[in-house]
Amino acid sequence: MPFSIARCKKIRNIAGLVSAEKHARRQDNSKHIDADRTHLNKAEGYPGVDDPLSIVEAFKARKRDAGASERKGAALAVHMLLGVSPEWIKAAGDAHDPANPRNVELFDSAKNFMEEKFGKGSVIHVRLDVDEAGSGVIDVIAVPVSSYKQRGKTKTHTLANAGLE
């Protein structure tokens with residue numbers, strides 16, 4: 001029976017963004033990784049940031065472009081794992097092939113879902129890891145922003161709670 005999954009976790013600080021970047025670069029203690037396939041992983045980053053694995057730089061660019069500041073104590077970003085049954089991917093070919101049409105569809109759908117949920121321009125990182133033992137899962141990091149008026153001025157903050165209601 002086909003299934004889909006979603007796991008949502010807030011990234012609370014810059015250290016969390018650094019950790020996510022280290023994982024994307026395989027500079028952490030990731031297990032069950034086929035290093036011969038790591039170069040096949042598909043990633044897309046924030047517009048204007050050359051390296052799609054530069055999550056910290058993408059966060060800073062998003063903040064700058066949105067004119068947002070960090071709100072003390074508030075989470076900075078949302079990290080979601082969005083996935084489907086590996087069998088659904090395999091029905092169209094190799095589940096670890098980034099060019100498999102269903103991997104492409106899943107990748108695009110995950111990014112579009114997050115943009116719809118957290119706002120246009122909020123997605124700073126999307127990644128399909130084909131070097132992991134499992135398959136059918138996309139990592140997406142979004143930086144939602146929220147504006148409010150205070151003393152007649154509009155202020156904009158990164159706010160990972162925005163859109164989670």
# chains A, B, ... in the order shown; residues from 1 in each chain; ligands from 1
$ residues_around --residues "Lys72 of chain A" --least-positions-apart "6" --cutoff "12 Å" --atoms "only C-alpha atoms" --output "PDB file with all heavy atoms, in the first residue's frame"
ATOM      1  N   ARG A  12      16.220  26.001  15.356  1.00  0.00           N
ATOM      2  CA  ARG A  12      16.110  27.057  16.360  1.00  0.00           C
ATOM      3  C   ARG A  12      17.209  28.110  16.330  1.00  0.00           C
ATOM      4  O   ARG A  12      17.025  29.195  16.867  1.00  0.00           O
ATOM      5  CB  ARG A  12      16.030  26.431  17.746  1.00  0.00           C
ATOM      6  CG  ARG A  12      14.842  25.502  17.859  1.00  0.00           C
ATOM      7  CD  ARG A  12      14.393  25.322  19.288  1.00  0.00           C
ATOM      8  NE  ARG A  12      13.125  24.622  19.334  1.00  0.00           N
ATOM      9  CZ  ARG A  12      11.940  25.194  19.231  1.00  0.00           C
ATOM     10  NH1 ARG A  12      11.855  26.485  19.069  1.00  0.00           N
ATOM     11  NH2 ARG A  12      10.840  24.486  19.274  1.00  0.00           N
ATOM     12  N   ASN A  13      18.357  27.779  15.730  1.00  0.00           N
ATOM     13  CA  ASN A  13      19.472  28.720  15.781  1.00  0.00           C
ATOM     14  C   ASN A  13      20.451  28.456  14.636  1.00  0.00           C
ATOM     15  O   ASN A  13      20.282  27.510  13.874  1.00  0.00           O
ATOM     16  CB  ASN A  13      20.173  28.634  17.145  1.00  0.00           C
ATOM     17  CG  ASN A  13      20.500  27.194  17.515  1.00  0.00           C
ATOM     18  OD1 ASN A  13      20.874  26.400  16.662  1.00  0.00           O
ATOM     19  ND2 ASN A  13      20.341  26.853  18.782  1.00  0.00           N
ATOM     20  N   HIS A 157      10.272  39.800  10.574  1.00  0.00           N
ATOM     21  CA  HIS A 157      11.125  38.846  11.288  1.00  0.00           C
ATOM     22  C   HIS A 157      11.086  37.490  10.611  1.00  0.00           C
ATOM     23  O   HIS A 157      10.071  37.132   9.993  1.00  0.00           O
ATOM     24  CB  HIS A 157      10.641  38.636  12.725  1.00  0.00           C
ATOM     25  CG  HIS A 157      10.832  39.809  13.608  1.00  0.00           C
ATOM     26  ND1 HIS A 157      12.036  40.188  14.107  1.00  0.00           N
ATOM     27  CD2 HIS A 157       9.933  40.700  14.099  1.00  0.00           C
ATOM     28  CE1 HIS A 157      11.896  41.249  14.868  1.00  0.00           C
ATOM     29  NE2 HIS A 157      10.614  41.587  14.870  1.00  0.00           N
ATOM     30  N   THR A 158      12.175  36.736  10.764  1.00  0.00           N
ATOM     31  CA  THR A 158      12.111  35.320  10.421  1.00  0.00           C
ATOM     32  C   THR A 158      11.250  34.701  11.514  1.00  0.00           C
ATOM     33  O   THR A 158      11.376  35.033  12.693  1.00  0.00           O
ATOM     34  CB  THR A 158      13.502  34.666  10.437  1.00  0.00           C
ATOM     35  OG1 THR A 158      14.085  34.796  11.725  1.00  0.00           O
ATOM     36  CG2 THR A 158      14.408  35.297   9.398  1.00  0.00           C
ATOM     37  N   LEU A 159      10.343  33.841  11.137  1.00  0.00           N
ATOM     38  CA  LEU A 159       9.425  33.270  12.137  1.00  0.00           C
ATOM     39  C   LEU A 159       8.977  31.900  11.676  1.00  0.00           C
ATOM     40  O   LEU A 159       8.072  31.766  10.847  1.00  0.00           O
ATOM     41  CB  LEU A 159       8.237  34.199  12.329  1.00  0.00           C
ATOM     42  CG  LEU A 159       7.306  33.861  13.488  1.00  0.00           C
ATOM     43  CD1 LEU A 159       8.048  33.854  14.820  1.00  0.00           C
ATOM     44  CD2 LEU A 159       6.158  34.837  13.543  1.00  0.00           C
TER      45      LEU A 159
END
$ select_by_dssp --residues "chain A" --states "strand (DSSP E or B)" --output "PyMOL selection string"
chain A and resi 4-11+33+42-45+69-70+77-84+123-128+132+137-142+145-150+153-158
$ atom_distance --atom1 "atom CA of Lys155 of chain A" --atom2 "atom CA of Val56 of chain A"
22.4 Å
$ closest_residue --among "A:Tyr46, A:Phe113, A:Trp88, A:Phe3" --to "His125 of chain A" --atoms "only C-alpha atoms"
A:Tyr46
$ closest_residue --among "A:Gly83, A:Gly93, A:Pro52, A:Pro47" --to "Arg7 of chain A" --atoms "only C-alpha atoms"
A:Gly83
